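Data from my_file.cif: mmCIF, C-alpha atoms and all ligand atoms
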data_protein
loop_
_atom_site.label_atom_id
_atom_site.label_comp_id
_atom_site.auth_asym_id
_atom_site.auth_seq_id
_atom_site.Cartn_x
_atom_site.Cartn_y
_atom_site.Cartn_z
CA MET A 21 47.70 0.60 31.30
CA HIS A 22 44.06 -0.41 31.12
CA GLU A 23 45.06 -3.98 30.31
CA ASN A 24 41.98 -5.41 32.00
CA LEU A 25 39.66 -3.11 30.10
CA ILE A 26 41.26 -4.08 26.81
CA LYS A 27 41.10 -7.76 27.69
CA LYS A 28 37.42 -7.48 28.54
CA ALA A 29 36.71 -5.48 25.37
CA LYS A 30 38.34 -8.14 23.19
CA GLN A 31 36.39 -10.83 24.99
CA ILE A 32 33.10 -9.02 24.33
CA LEU A 33 33.81 -8.71 20.61
CA THR A 34 34.90 -12.31 20.33
CA GLU A 35 31.82 -13.56 22.18
CA ASN A 36 29.46 -11.43 20.12
CA TYR A 37 30.97 -12.73 16.88
CA GLN A 38 28.65 -15.17 15.10
CA PRO A 39 29.23 -18.21 12.87
CA GLY A 40 27.61 -16.32 9.95
CA GLY A 41 30.64 -14.01 9.80
CA PHE A 42 29.27 -10.94 11.57
CA THR A 43 29.05 -9.55 15.11
CA LEU A 44 25.95 -8.82 17.19
CA PRO A 45 25.77 -5.25 18.49
CA CYS A 46 24.66 -6.82 21.76
CA LYS A 47 23.29 -10.24 22.71
CA ASN A 48 19.49 -10.54 23.13
CA LEU A 49 18.61 -6.90 22.44
CA TYR A 50 20.04 -6.77 18.89
CA PRO A 51 20.20 -10.31 17.46
CA PHE A 52 21.29 -9.50 13.85
CA GLN A 53 23.89 -7.49 11.94
CA TRP A 54 23.58 -3.68 11.92
CA LEU A 55 25.33 -1.50 9.36
CA TRP A 56 27.18 1.17 11.29
CA ASP A 57 27.75 -1.14 14.26
CA SER A 58 29.59 -3.49 11.89
CA GLY A 59 31.84 -0.67 10.73
CA PHE A 60 32.86 0.31 14.27
CA ILE A 61 33.22 -3.34 15.27
CA ALA A 62 35.60 -3.96 12.35
CA ILE A 63 37.83 -1.12 13.62
CA GLY A 64 38.01 -2.84 17.02
CA PHE A 65 38.75 -6.27 15.58
CA ALA A 66 41.40 -4.78 13.28
CA HIS A 67 43.60 -4.30 16.37
CA PHE A 68 43.75 -7.96 17.32
CA ASP A 69 41.94 -10.19 14.83
CA MET A 70 42.15 -8.83 11.27
CA PRO A 71 40.47 -11.86 9.64
CA LYS A 72 37.32 -11.15 11.66
CA ALA A 73 37.50 -7.43 10.84
CA LYS A 74 37.63 -8.26 7.14
CA GLN A 75 34.90 -10.84 7.42
CA GLU A 76 32.60 -8.36 9.17
CA ILE A 77 32.89 -5.92 6.25
CA SER A 78 32.70 -8.63 3.56
CA THR A 79 29.51 -10.02 5.08
CA LEU A 80 27.98 -6.56 5.28
CA LEU A 81 28.83 -5.75 1.67
CA ASP A 82 27.62 -9.14 0.54
CA ALA A 83 24.12 -8.00 1.53
CA GLN A 84 24.29 -4.96 -0.77
CA TRP A 85 21.40 -4.54 -3.21
CA GLU A 86 21.89 -4.36 -6.97
CA ASN A 87 21.36 -0.58 -6.92
CA GLY A 88 24.22 -0.04 -4.46
CA PHE A 89 21.99 0.36 -1.40
CA ILE A 90 23.24 -1.24 1.85
CA PRO A 91 20.50 -2.13 4.35
CA HIS A 92 20.63 -1.18 8.01
CA ILE A 93 19.79 -4.62 9.45
CA ILE A 94 20.69 -7.93 7.84
CA PHE A 95 18.54 -10.68 9.27
CA HIS A 96 20.95 -13.60 9.26
CA THR A 97 18.67 -15.85 11.32
CA ASP A 98 14.94 -16.39 11.89
CA THR A 99 14.94 -15.53 15.57
CA ASP A 100 11.76 -13.71 16.59
CA THR A 101 13.24 -11.98 19.63
CA TYR A 102 13.46 -8.62 17.85
CA PHE A 103 10.65 -6.40 16.64
CA PRO A 104 10.10 -5.40 13.88
CA GLY A 105 11.78 -8.34 12.16
CA ALA A 106 12.25 -9.50 8.57
CA ASP A 107 8.57 -10.31 8.02
CA PHE A 108 7.59 -6.78 8.88
CA HIS A 109 10.30 -5.06 6.82
CA ARG A 110 9.85 -7.23 3.68
CA SER A 111 12.95 -6.19 1.71
CA ASP A 112 11.81 -8.62 -1.02
CA LEU A 113 9.30 -5.95 -2.12
CA HIS A 114 12.10 -3.96 -3.75
CA PRO A 115 12.96 -5.43 -7.18
CA LEU A 116 16.72 -4.94 -6.69
CA SER A 117 17.03 -6.16 -3.11
CA SER A 118 19.41 -8.98 -2.17
CA LYS A 119 18.13 -12.42 -3.08
CA LYS A 120 20.52 -13.96 -0.58
CA TYR A 121 19.68 -12.04 2.61
CA LYS A 122 16.52 -10.67 4.17
CA SER A 123 17.00 -7.14 5.38
CA THR A 124 15.34 -3.86 6.15
CA GLY A 125 14.56 -1.39 3.36
CA MET A 126 16.34 1.47 5.07
CA THR A 127 20.00 2.26 5.59
CA GLN A 128 22.28 3.78 8.25
CA PRO A 129 25.18 6.29 8.31
CA PRO A 130 27.64 5.35 5.52
CA VAL A 131 30.70 4.53 7.59
CA THR A 132 32.17 1.81 5.39
CA GLY A 133 34.54 4.06 3.37
CA PHE A 134 36.33 5.50 6.38
CA VAL A 135 36.29 2.12 8.12
CA LEU A 136 38.35 0.67 5.25
CA GLU A 137 40.85 3.48 5.70
CA GLU A 138 41.01 2.96 9.48
CA MET A 139 41.63 -0.74 8.94
CA TYR A 140 44.42 0.09 6.50
CA ASN A 141 46.03 2.47 8.98
CA ILE A 142 45.82 -0.05 11.80
CA SER A 143 47.15 -3.02 9.84
CA PRO A 144 50.87 -3.79 10.07
CA ASP A 145 50.56 -5.66 6.74
CA LYS A 146 49.67 -2.87 4.30
CA GLU A 147 49.94 -5.02 1.21
CA ASP A 148 47.48 -7.56 2.53
CA LEU A 149 45.03 -4.83 3.52
CA LEU A 150 45.29 -3.14 0.15
CA THR A 151 44.45 -6.42 -1.56
CA PHE A 152 41.41 -6.72 0.69
CA ILE A 153 40.39 -3.11 0.01
CA GLU A 154 40.75 -3.67 -3.74
CA SER A 155 38.27 -6.52 -3.50
CA GLU A 156 35.64 -4.44 -1.64
CA ILE A 157 36.07 -0.76 -2.50
CA ASP A 158 33.94 -0.70 -5.65
CA LYS A 159 30.95 -1.82 -3.59
CA VAL A 160 31.40 1.15 -1.29
CA TYR A 161 31.75 3.43 -4.30
CA ALA A 162 28.49 1.99 -5.71
CA ASN A 163 26.86 2.76 -2.38
CA HIS A 164 27.93 6.42 -2.59
CA ARG A 165 26.67 6.58 -6.17
CA TYR A 166 23.32 5.26 -4.91
CA PHE A 167 23.15 8.12 -2.40
CA TYR A 168 23.96 10.85 -4.88
CA GLN A 169 21.62 9.44 -7.53
CA HIS A 170 18.62 8.65 -5.35
CA ARG A 171 18.82 10.57 -2.11
CA ASP A 172 19.87 14.04 -3.27
CA ILE A 173 16.62 15.35 -4.68
CA ASN A 174 17.81 18.96 -5.06
CA ASN A 175 21.18 17.97 -6.56
CA GLU A 176 22.89 19.94 -3.81
CA GLY A 177 25.22 17.24 -2.53
CA LEU A 178 23.20 16.64 0.64
CA VAL A 179 21.37 13.34 0.96
CA TYR A 180 18.16 12.75 2.85
CA ILE A 181 17.17 10.07 5.32
CA TYR A 182 13.54 8.98 5.31
CA HIS A 183 13.35 7.27 8.70
CA ASN A 184 14.68 8.09 12.14
CA TRP A 185 16.26 4.62 12.24
CA GLU A 186 18.42 5.66 9.28
CA SER A 187 19.95 8.41 11.41
CA GLY A 188 21.22 5.97 14.03
CA THR A 189 20.10 8.49 16.67
CA ASP A 190 16.71 6.84 16.84
CA ASN A 191 14.61 8.87 19.26
CA SER A 192 16.49 12.15 19.27
CA PRO A 193 14.32 15.01 20.62
CA ILE A 194 14.87 16.65 17.23
CA TRP A 195 12.37 14.25 15.72
CA ASP A 196 9.65 15.43 18.15
CA ASP A 197 9.02 18.36 15.81
CA ILE A 198 8.40 15.96 12.95
CA TRP A 199 6.17 13.59 14.93
CA ALA A 200 4.03 16.60 15.83
CA THR A 201 3.16 16.88 12.12
CA VAL A 202 2.29 13.19 11.62
CA ASP A 203 -0.98 11.49 12.45
CA SER A 204 0.23 7.87 12.61
CA PRO A 205 -2.26 5.07 13.27
CA ARG A 206 -2.10 3.41 16.69
CA TYR A 207 -0.78 -0.05 15.92
CA ASP A 208 -1.22 -3.18 17.95
CA PHE A 209 2.16 -4.91 18.25
CA GLN A 210 4.41 -6.59 20.73
CA ARG A 211 7.67 -4.81 21.50
CA ARG A 212 10.69 -7.00 22.28
CA ASP A 213 13.23 -4.36 23.29
CA THR A 214 11.40 -3.57 26.54
CA SER A 215 11.65 -7.18 27.66
CA HIS A 216 15.45 -6.84 27.57
CA VAL A 217 15.84 -3.24 28.78
CA ASP A 218 13.92 -1.00 31.21
CA ALA A 219 11.17 0.78 29.22
CA SER A 220 12.17 4.17 30.65
CA GLN A 221 15.48 3.86 28.74
CA ARG A 222 13.81 3.17 25.38
CA PRO A 223 11.51 5.04 22.93
CA SER A 224 7.79 5.28 23.76
CA LYS A 225 4.94 3.23 22.24
CA ARG A 226 3.74 6.33 20.37
CA GLU A 227 7.19 6.81 18.87
CA TYR A 228 7.14 3.18 17.68
CA ASP A 229 3.77 3.89 15.99
CA HIS A 230 5.49 6.60 13.95
CA TYR A 231 8.45 4.34 13.16
CA LEU A 232 6.13 1.63 11.83
CA HIS A 233 3.91 4.08 9.97
CA ILE A 234 6.79 5.35 7.82
CA ILE A 235 7.81 1.79 6.96
CA GLU A 236 4.21 1.00 5.96
CA ILE A 237 4.24 3.93 3.55
CA ALA A 238 7.55 2.80 2.06
CA LYS A 239 6.30 -0.77 1.70
CA GLN A 240 3.13 0.35 -0.07
CA HIS A 241 5.47 1.62 -2.78
CA ASN A 242 7.91 -1.30 -2.72
CA TYR A 243 10.60 0.88 -1.20
CA SER A 244 10.78 3.08 -4.31
CA ASP A 245 13.16 5.97 -3.58
CA GLU A 246 11.16 8.34 -5.76
CA LYS A 247 7.89 7.55 -3.97
CA ILE A 248 9.51 7.74 -0.57
CA ALA A 249 10.93 11.17 -1.40
CA GLU A 250 7.46 12.25 -2.46
CA LEU A 251 5.48 10.76 0.41
CA SER A 252 7.48 10.10 3.54
CA PRO A 253 6.48 12.45 6.37
CA PHE A 254 10.05 12.13 7.60
CA LEU A 255 12.57 13.55 5.11
CA VAL A 256 15.63 15.03 6.75
CA GLN A 257 19.14 16.16 5.86
CA ASP A 258 21.06 14.97 8.89
CA PRO A 259 24.48 16.49 9.68
CA LEU A 260 25.80 13.26 11.21
CA PHE A 261 24.71 11.12 8.26
CA ASN A 262 26.05 13.56 5.67
CA ALA A 263 29.29 14.04 7.60
CA MET A 264 29.81 10.26 7.52
CA LEU A 265 29.28 10.28 3.76
CA ILE A 266 31.76 13.12 3.33
CA LYS A 267 34.32 11.45 5.58
CA SER A 268 33.91 8.23 3.60
CA ASN A 269 34.25 10.11 0.28
CA GLU A 270 37.57 11.47 1.52
CA SER A 271 38.74 7.97 2.45
CA LEU A 272 37.66 6.49 -0.88
CA ILE A 273 39.60 9.19 -2.73
CA LYS A 274 42.74 8.43 -0.72
CA LEU A 275 42.39 4.67 -1.09
CA TYR A 276 41.68 4.75 -4.85
CA LYS A 277 44.74 6.95 -5.32
CA ARG A 278 46.81 4.44 -3.38
CA ILE A 279 45.47 1.57 -5.49
CA GLY A 280 45.98 3.55 -8.73
CA ASN A 281 44.26 3.29 -12.14
CA ASN A 282 40.93 4.65 -10.92
CA GLU A 283 41.05 8.24 -12.16
CA ASP A 284 37.39 8.34 -13.24
CA LYS A 285 36.15 7.31 -9.84
CA VAL A 286 38.48 9.72 -8.08
CA ARG A 287 37.24 12.55 -10.30
CA GLN A 288 33.62 11.69 -9.61
CA LEU A 289 34.22 11.43 -5.87
CA GLU A 290 35.99 14.79 -5.87
CA GLN A 291 33.04 16.38 -7.65
CA TRP A 292 30.55 14.96 -5.15
CA GLN A 293 32.80 15.96 -2.31
CA GLN A 294 33.17 19.56 -3.39
CA LEU A 295 29.44 20.09 -3.75
CA SER A 296 28.64 18.25 -0.52
CA ILE A 297 31.07 20.23 1.61
CA SER A 298 30.01 23.56 0.18
CA SER A 299 26.26 22.89 0.65
CA PHE A 300 26.86 21.41 4.08
CA ASN A 301 28.55 24.63 5.13
CA SER A 302 26.01 26.97 3.58
CA LYS A 303 22.82 25.09 4.47
CA LEU A 304 23.44 23.20 7.69
CA TYR A 305 25.44 25.70 9.72
CA ASP A 306 23.51 27.83 12.20
CA GLU A 307 25.46 31.04 12.92
CA GLU A 308 23.43 31.89 15.97
CA LEU A 309 23.75 28.48 17.63
CA GLY A 310 27.38 28.14 16.55
CA CYS A 311 27.11 24.60 15.22
CA TYR A 312 25.58 22.42 12.51
CA ILE A 313 21.92 21.42 12.64
CA HIS A 314 19.40 19.21 10.84
CA TYR A 315 17.20 20.36 7.97
CA ASP A 316 13.60 19.16 7.58
CA LEU A 317 13.16 18.75 3.81
CA ARG A 318 9.53 17.72 4.05
CA ASN A 319 8.48 20.90 5.83
CA ASN A 320 11.28 23.03 4.42
CA LYS A 321 12.71 24.32 7.65
CA PRO A 322 15.86 24.05 9.73
CA LEU A 323 15.53 22.05 12.95
CA ARG A 324 17.36 24.35 15.32
CA TYR A 325 18.60 22.00 18.06
CA ILE A 326 22.06 21.15 19.32
CA SER A 327 22.98 17.49 19.63
CA SER A 328 26.24 15.53 19.54
CA SER A 329 25.56 15.13 15.79
CA SER A 330 26.09 18.91 15.54
CA PHE A 331 29.81 18.39 16.22
CA ALA A 332 30.39 15.29 14.08
CA PRO A 333 31.47 17.47 11.09
CA LEU A 334 34.77 18.03 12.96
CA PHE A 335 35.54 14.37 12.27
CA ALA A 336 34.92 14.90 8.55
CA ASN A 337 37.07 18.06 8.16
CA ILE A 338 34.03 20.10 7.13
CA PRO A 339 34.34 23.41 9.04
CA ASP A 340 37.21 25.84 8.54
CA LYS A 341 39.35 26.67 11.59
CA GLU A 342 37.30 29.69 12.59
CA ARG A 343 34.04 27.77 12.48
CA ALA A 344 35.60 24.86 14.32
CA ALA A 345 36.51 27.27 17.11
CA GLU A 346 32.89 28.46 17.32
CA MET A 347 31.69 24.86 17.45
CA VAL A 348 34.10 23.94 20.21
CA ASN A 349 32.97 26.99 22.14
CA THR A 350 29.31 25.93 21.75
CA MET A 351 30.15 22.40 22.79
CA MET A 352 32.05 23.43 25.89
CA THR A 353 29.47 26.01 26.95
CA LYS A 354 26.47 23.73 26.55
CA PHE A 355 27.88 20.24 27.14
CA GLY A 356 31.25 20.80 28.81
CA ASN A 357 30.30 21.73 32.37
CA PRO A 358 32.78 20.02 34.75
CA ASP A 359 29.95 18.16 36.48
CA GLN A 360 29.11 16.44 33.16
CA TYR A 361 30.92 13.79 31.21
CA LEU A 362 31.47 14.65 27.56
CA CYS A 363 29.54 14.35 25.40
CA ALA A 364 25.80 14.17 26.03
CA SER A 365 23.85 13.21 22.91
CA PHE A 366 21.46 16.12 23.30
CA ASP A 367 21.73 19.67 24.62
CA PRO A 368 21.76 19.33 28.45
CA THR A 369 20.35 22.85 28.81
CA SER A 370 17.21 21.98 26.80
CA GLU A 371 13.95 21.01 28.42
CA ARG A 372 13.84 18.02 26.06
CA TYR A 373 17.04 16.61 27.57
CA ASN A 374 16.66 13.26 29.34
CA PRO A 375 19.94 11.91 30.77
CA LYS A 376 18.72 8.30 30.89
CA GLN A 377 16.74 7.82 27.75
CA TYR A 378 18.59 6.44 24.77
CA TRP A 379 19.35 9.19 22.21
CA ARG A 380 17.65 11.96 24.24
CA GLY A 381 20.72 12.76 26.33
CA PRO A 382 23.05 9.92 27.34
CA VAL A 383 26.67 9.70 26.19
CA TRP A 384 27.35 7.28 23.32
CA ILE A 385 30.81 5.85 22.70
CA ASN A 386 30.68 6.02 18.90
CA LEU A 387 29.99 9.76 18.96
CA ASN A 388 32.73 10.25 21.55
CA TRP A 389 35.14 8.39 19.31
CA MET A 390 34.33 10.69 16.39
CA LEU A 391 34.63 13.78 18.57
CA TYR A 392 37.94 12.59 19.96
CA LYS A 393 39.30 12.16 16.44
CA GLY A 394 37.77 15.40 15.18
CA LEU A 395 39.02 17.53 18.07
CA THR A 396 42.50 16.04 17.73
CA GLN A 397 42.51 16.82 14.02
CA TYR A 398 41.71 20.49 14.66
CA GLY A 399 44.37 20.80 17.36
CA TYR A 400 42.08 20.77 20.44
CA LYS A 401 44.32 18.28 22.22
CA ASN A 402 43.16 19.00 25.78
CA ILE A 403 39.47 18.72 25.06
CA ALA A 404 40.09 15.61 22.95
CA GLU A 405 41.95 14.14 25.92
CA ARG A 406 39.01 14.94 28.18
CA VAL A 407 36.65 13.12 25.80
CA LYS A 408 38.98 10.14 25.88
CA GLN A 409 39.37 10.12 29.67
CA ASP A 410 35.62 10.56 30.16
CA THR A 411 34.99 7.61 27.85
CA ILE A 412 37.41 5.42 29.79
CA ALA A 413 35.91 6.50 33.13
CA LEU A 414 32.33 5.79 32.06
CA ILE A 415 33.24 2.28 30.99
CA GLU A 416 35.52 1.63 33.97
CA ILE A 417 32.84 2.65 36.47
CA ASN A 418 29.87 0.97 34.82
CA GLY A 419 30.97 -1.65 32.30
CA PHE A 420 30.63 -1.78 28.51
CA TYR A 421 27.09 -0.43 28.31
CA GLU A 422 25.26 0.87 25.27
CA TYR A 423 24.92 4.44 26.66
CA PHE A 424 25.75 6.36 29.82
CA ASP A 425 24.40 9.12 32.02
CA ALA A 426 26.36 12.31 31.38
CA ARG A 427 25.80 13.62 34.94
CA LYS A 428 28.81 12.74 37.11
CA GLU A 429 26.65 12.68 40.26
CA ALA A 430 24.58 9.81 38.78
CA HIS A 431 27.54 7.40 38.86
CA GLY A 432 28.97 5.48 41.77
CA GLU A 433 26.42 4.00 44.16
CA VAL A 434 24.11 2.87 41.38
CA ARG A 435 24.98 1.90 37.86
CA ALA A 436 24.52 4.70 35.36
CA GLY A 437 25.28 2.75 32.20
CA TYR A 438 22.04 1.98 30.39
CA GLY A 439 20.52 -0.09 27.57
CA GLY A 440 22.33 -3.30 26.60
CA ASN A 441 25.48 -4.52 28.32
CA ASP A 442 28.62 -5.96 26.72
CA PHE A 443 27.85 -3.70 23.81
CA SER A 444 30.12 -4.30 20.83
CA TRP A 445 30.90 -0.81 19.56
CA SER A 446 31.63 0.44 23.09
CA ALA A 447 34.22 -2.35 23.30
CA ALA A 448 35.59 -1.88 19.77
CA LEU A 449 36.05 1.87 19.93
CA LEU A 450 37.57 1.80 23.40
CA ILE A 451 40.20 -0.58 22.04
CA ASP A 452 40.89 1.90 19.25
CA MET A 453 41.06 4.93 21.55
CA LEU A 454 43.39 3.16 23.95
CA SER A 455 45.73 2.18 21.15
CA ASP A 456 46.33 5.82 20.22
C1 LIG B 501 19.60 1.21 17.85
O1 LIG B 501 18.60 1.09 16.84
C2 LIG B 501 17.79 -0.07 16.65
C3 LIG B 501 17.05 0.11 15.33
O2 LIG B 501 17.96 0.25 14.28
C4 LIG B 501 16.78 -0.35 17.74
O3 LIG B 501 16.59 0.46 18.63
O4 LIG B 501 16.15 -1.42 17.69
C5 LIG B 501 20.37 2.51 17.54
O5 LIG B 501 21.14 2.91 18.63
C6 LIG B 501 21.23 2.33 16.31
O6 LIG B 501 22.04 3.44 16.09
C7 LIG B 501 22.10 1.07 16.42
O7 LIG B 501 22.77 0.85 15.21
C8 LIG B 501 21.25 -0.17 16.77
C9 LIG B 501 22.10 -1.39 17.08
O8 LIG B 501 23.10 -1.08 18.01
O9 LIG B 501 20.45 0.10 17.93
#

Output the file's structure as structure tokens, nothing else.
Amino acid sequence: MHENLIKKAKQILTENYQPGGFTLPCKNLYPFQWLWDSGFIAIGFAHFDMPKAKQEISTLLDAQWENGFIPHIIFHTDTDTYFPGADFHRSDLHPLSSKKYKSTGMTQPPVTGFVLEEMYNISPDKEDLLTFIESEIDKVYANHRYFYQHRDINNEGLVYIYHNWESGTDNSPIWDDIWATVDSPRYDFQRRDTSHVDASQRPSKREYDHYLHIIEIAKQHNYSDEKIAELSPFLVQDPLFNAMLIKSNESLIKLYKRIGNNEDKVRQLEQWQQLSISSFNSKLYDEELGCYIHYDLRNNKPLRYISSSSFAPLFANIPDKERAAEMVNTMMTKFGNPDQYLCASFDPTSERYNPKQYWRGPVWINLNWMLYKGLTQYGYKNIAERVKQDTIALIEINGFYEYFDARKEAHGEVRAGYGGNDFSWSAALLIDMLSD
């Protein structure tokens, strides 16, 4: 079943793979290596080309800074078809940044820990994979240590992100509340994304002003974590980001135990994990909404909106069974209408919902993959199956797009897949879902 889809997905990954040992998220639109894309891509490759899966992760970790930080974009080439590029980000300003690669000075959801575990589970040759994991796992551990040492300013086990691009959900309507508090300059710059993709499917010029403004502040202080925590107008505890960290902690604990002789690291990870899960549950859960939400650390207030990130904690085993049931109820009431594909990236009943614009509403395959796994884990087999079938249908009808309209009526006569086409993580994660 679905042989043609799988064949096409493998072809996309193989064609997006680059001589530098990494895979483009999508040709033209994203011409470098992105952190969480690489993680999802490695899971896809693991099913049919393990050497490339390993190489993807090794290349990513090779760009790690001396303080454990892993950047969100690694600029492997000098191409100027993406804005803002290496010359704008100036990772060299940070004293501990990589001397080998130019990168950004911000990160993305820490997926690498659980990606190693997924690769291990997929591989038929466990011994070989364990040898690979042994060679890389300490770098991932150092990355987690970086988060707990530098991004957890209240020592509560919840780390902050200082830029919307760190969230991965770039222009989520949730950030509108923050932009309303920021008086960013109006910059003069030339966007590149809108020459590849219809502008109505991308963030606005004003949003880009804010994105650049935060980077300018960080650069003025050479990307010092302490200064960023003090000065960035964007300082958020994001449930998706923190759930990824928690999920990766869990994987590191399991993998270190399998390797053996790493009791100190296991103990440390377990300590972080305990605090993180307990604070996540007490601080980020909104009883009234029945799901997890973001917390604005800069302005000290919860951001009370429902997005697909609100359900990602299911993937990381964070809620207890009772809470999981409430979350599933919220999800199905707000997002699960039969005339909608699961799962819109933002609350379809909100006036801020836009079914065509990037992270303001469309369905994203990486979030669907997490939900599929999370729902399965908690025993919601039928809903998990719906997420899977919806994912297959969206790709079958439209192609391997970056994001998709959640409204069923939008598909058919016209294409309702948006953003870039032949998008790597859509291909990679479909391969994984179909192998289940
Ligand atoms: C999108 O973000 C980049 C900036 O990082 C962009 O819009 O230029 C997001 O969807 C992000 O989550 C993703 O990792 C990246 C590459 O696919 O594209």

> Which residues come within 12 Å of Gly280 in chain A, counting all atoms listed in the file, excluding same-chain residues fewer than 6 positions away, as a list in words?
Replying inline: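 Near neighbours after the sequence-gap exclusion: Leu150, Glu154, Leu272, Ile273, Lys274 and Val286 of chain A.
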
> Residues at most 6 Å from ligand LIG 501 (chain B), using only C-alpha atoms and all ligand atoms? Could they come as a count of residues only?
Replying inline: 8

>> Can you pull out the residues contacting Ser117 in chain A? Cut-off 8 Å, using only C-alpha atoms, and skip same-chain residues under 5 positions away; I want them as number ranges by chain.
In response: A: 84-86, 111-112

>> Need the shell around Phe355 in chain A: protein/DNA/RNA residues with any atom at most 8 Å away, counting only C-alpha atoms. Skip same-chain ones fewer than 4 positions apart. Format as a PyMOL selection string?
In response: chain A and resi 350-351+360+362-364+367-368

Restricted to C-alpha atoms, what would the selected residues look like written as a PDB file, keeping the file's coordinate frame?
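Result file follows (selection-v5.pdb):
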ATOM      1  CA  THR A 350      29.310  25.930  21.750  1.00  0.00           C
ATOM      2  CA  MET A 351      30.150  22.400  22.790  1.00  0.00           C
ATOM      3  CA  GLN A 360      29.110  16.440  33.160  1.00  0.00           C
ATOM      4  CA  LEU A 362      31.470  14.650  27.560  1.00  0.00           C
ATOM      5  CA  CYS A 363      29.540  14.350  25.400  1.00  0.00           C
ATOM      6  CA  ALA A 364      25.800  14.170  26.030  1.00  0.00           C
ATOM      7  CA  ASP A 367      21.730  19.670  24.620  1.00  0.00           C
ATOM      8  CA  PRO A 368      21.760  19.330  28.450  1.00  0.00           C
TER       9      PRO A 368
END

>> Need to verify the contact set: range 401-414 of chain A, 6 Å, only C-alpha atoms, exclusion of same-chain residues closer than 3 positions in sequence. Can you return it as a ChimeraX atom specification?
In response: /A:361-362,392,395-396,417

> Which of these residues is nearest to Leu251 in chain A, using all atoms listed in the file: A:Ser224, A:Tyr325, A:Pro205, A:Tyr182?
Replying inline: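 Checking each candidate against Leu251 in chain A, we get A:Tyr182 as the closest.
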
>> If we count all atoms listed in the file and set the cut-off at 10 Å, which residues sit around Asn319 in chain A, ignoring sequence neighbours fewer than 4 positions away in its own chain? Please answer as a ChimeraX atom specification.
In response: /A:198,201,253-256,315

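Counting only C-alpha atoms, the residue from A:Glu236, A:Asp442, A:Glu246, A:Asp456 that sits nearest to Lys47 in chain A is A:Asp442.
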